[in-house]
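What follows is a short report on a single structure.
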Amino acid sequence: MKILKLLFLVWFVGMSFSVFSQSNDYKVRKCFGYQRDSCLRSKNMYYKIHESSRSALFVKGQTSKTRLTLYNGRDYRISICWDPILGNNILFKIIDASTGDVLYDNATDGYSTDFEFTVTRTADVFIQVTVPGDSDLANVTESDKIIFIEKDKEMGCVGVLIEHMITPSKGF
């Protein structure tokens, strides 16, 4: 009986570490079943994954945004990836939080999935992600009387990977 308890304890501790290591993933495991390597990582080994990286379940036609503080003297790389069920092109914009000005729009950049830039002044921005499409699910509220939603038809995960590093010195 002691051996059985010991095996259970070892299994429980092992599972706890496994769950913790998965939740440390930049996608925060909010989208279960999401393929771990679906977003290509930067080939620049100096970039570090920013704690604001995240993922979320989206429906076609949905727009969502998250706030991010960009610090002077850092380079950033923002990458997005998504489940193929959501289509071929996901829109993402970087918007100045104080003025509302669009600083970057991937629709004008051939729907690029990543964007690298240097920050010259500390600022708060929003990263806005839009999944094209027209789904009735995008406008569902808590008060709506929906019994079930067939997930594989309109929903998929979107990951936003934010990387940063100290801006390298330029010149001699």
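Going through the structure tokens in order, the chains are called A, B, and so on, while each chain numbers its residues from 1 and the ligands are numbered from 1 in the order shown.
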Item to complete: Give me the residues within 9 Å of range 65-74 of chain A as an MDAnalysis selection string, counting only C-alpha atoms and dropping any in the same chain fewer than 2 places off.
Response: chainID A and resid 52 63 76 97 117:130 164:168
Preceding selection exported with C-alpha atoms as a compact mmCIF listing (two decimals), in the first residue's frame:
```txt
# COMPACT_ATOMS: atom_id res chain seq x y z
CA SER A 52 2.71 40.47 -22.15
CA THR A 63 -11.70 42.30 -32.59
CA TYR A 76 10.68 44.81 -30.15
CA ALA A 97 -2.87 54.63 -26.44
CA PHE A 117 10.98 48.06 -34.53
CA THR A 118 13.10 50.26 -32.25
CA VAL A 119 11.49 52.47 -29.62
CA THR A 120 12.83 56.01 -29.24
CA ARG A 121 10.36 57.20 -26.57
CA THR A 122 8.59 55.25 -23.84
CA ALA A 123 4.90 54.97 -24.72
CA ASP A 124 1.78 52.94 -24.06
CA VAL A 125 0.23 51.25 -27.06
CA PHE A 126 -2.59 48.86 -27.83
CA ILE A 127 -2.07 45.77 -29.93
CA GLN A 128 -5.36 45.23 -31.72
CA VAL A 129 -6.11 41.91 -33.41
CA THR A 130 -9.04 41.43 -35.81
CA HIS A 164 12.26 42.49 -26.71
CA MET A 165 15.94 43.25 -26.31
CA ILE A 166 18.20 46.21 -25.50
CA THR A 167 18.80 48.22 -28.67
CA PRO A 168 22.36 47.54 -29.87
```
(message) I'd like the contact shell of Gly159 in chain A - 7 Å cut-off, only C-alpha atoms, skipping same-chain residues fewer than 5 positions apart - returned as a list in words.
(response) Lys27, Arg54, Ser55, Ala56, Ile80, Cys81 and Trp82 of chain A
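With only C-alpha atoms as the atoms that count, the residue of A:Glu154, A:Lys170, A:Ala107, A:Val59 with the shortest distance to Asn89 in chain A is A:Ala107.
CA of Tyr104 in chain A sits 16.7 Å away from CA of Val131 in chain A.
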Restricting to only C-alpha atoms, whichever of A:Asn88, A:Ser79, A:Gln62, A:Ser169 is closest to Met155 in chain A is A:Gln62
Using only C-alpha atoms, the best pick from A:Gly110, A:Cys157, A:Ser53, A:Asp101 as closest to Pro84 in chain A would be A:Cys157
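Counting only C-alpha atoms and comparing A:Phe115, A:Gly171, A:Lys48, A:Gly156, the residue that lies closest to Ile78 in chain A is A:Phe115.
Relative to CA of Leu86 in chain A, CA of Thr113 in chain A is found at 14.2 Å.
Each of A:Leu91, A:Phe58, A:Asp96, A:Arg77 was compared to Thr108 in chain A using only C-alpha atoms, and A:Leu91 turns out to be the nearest.
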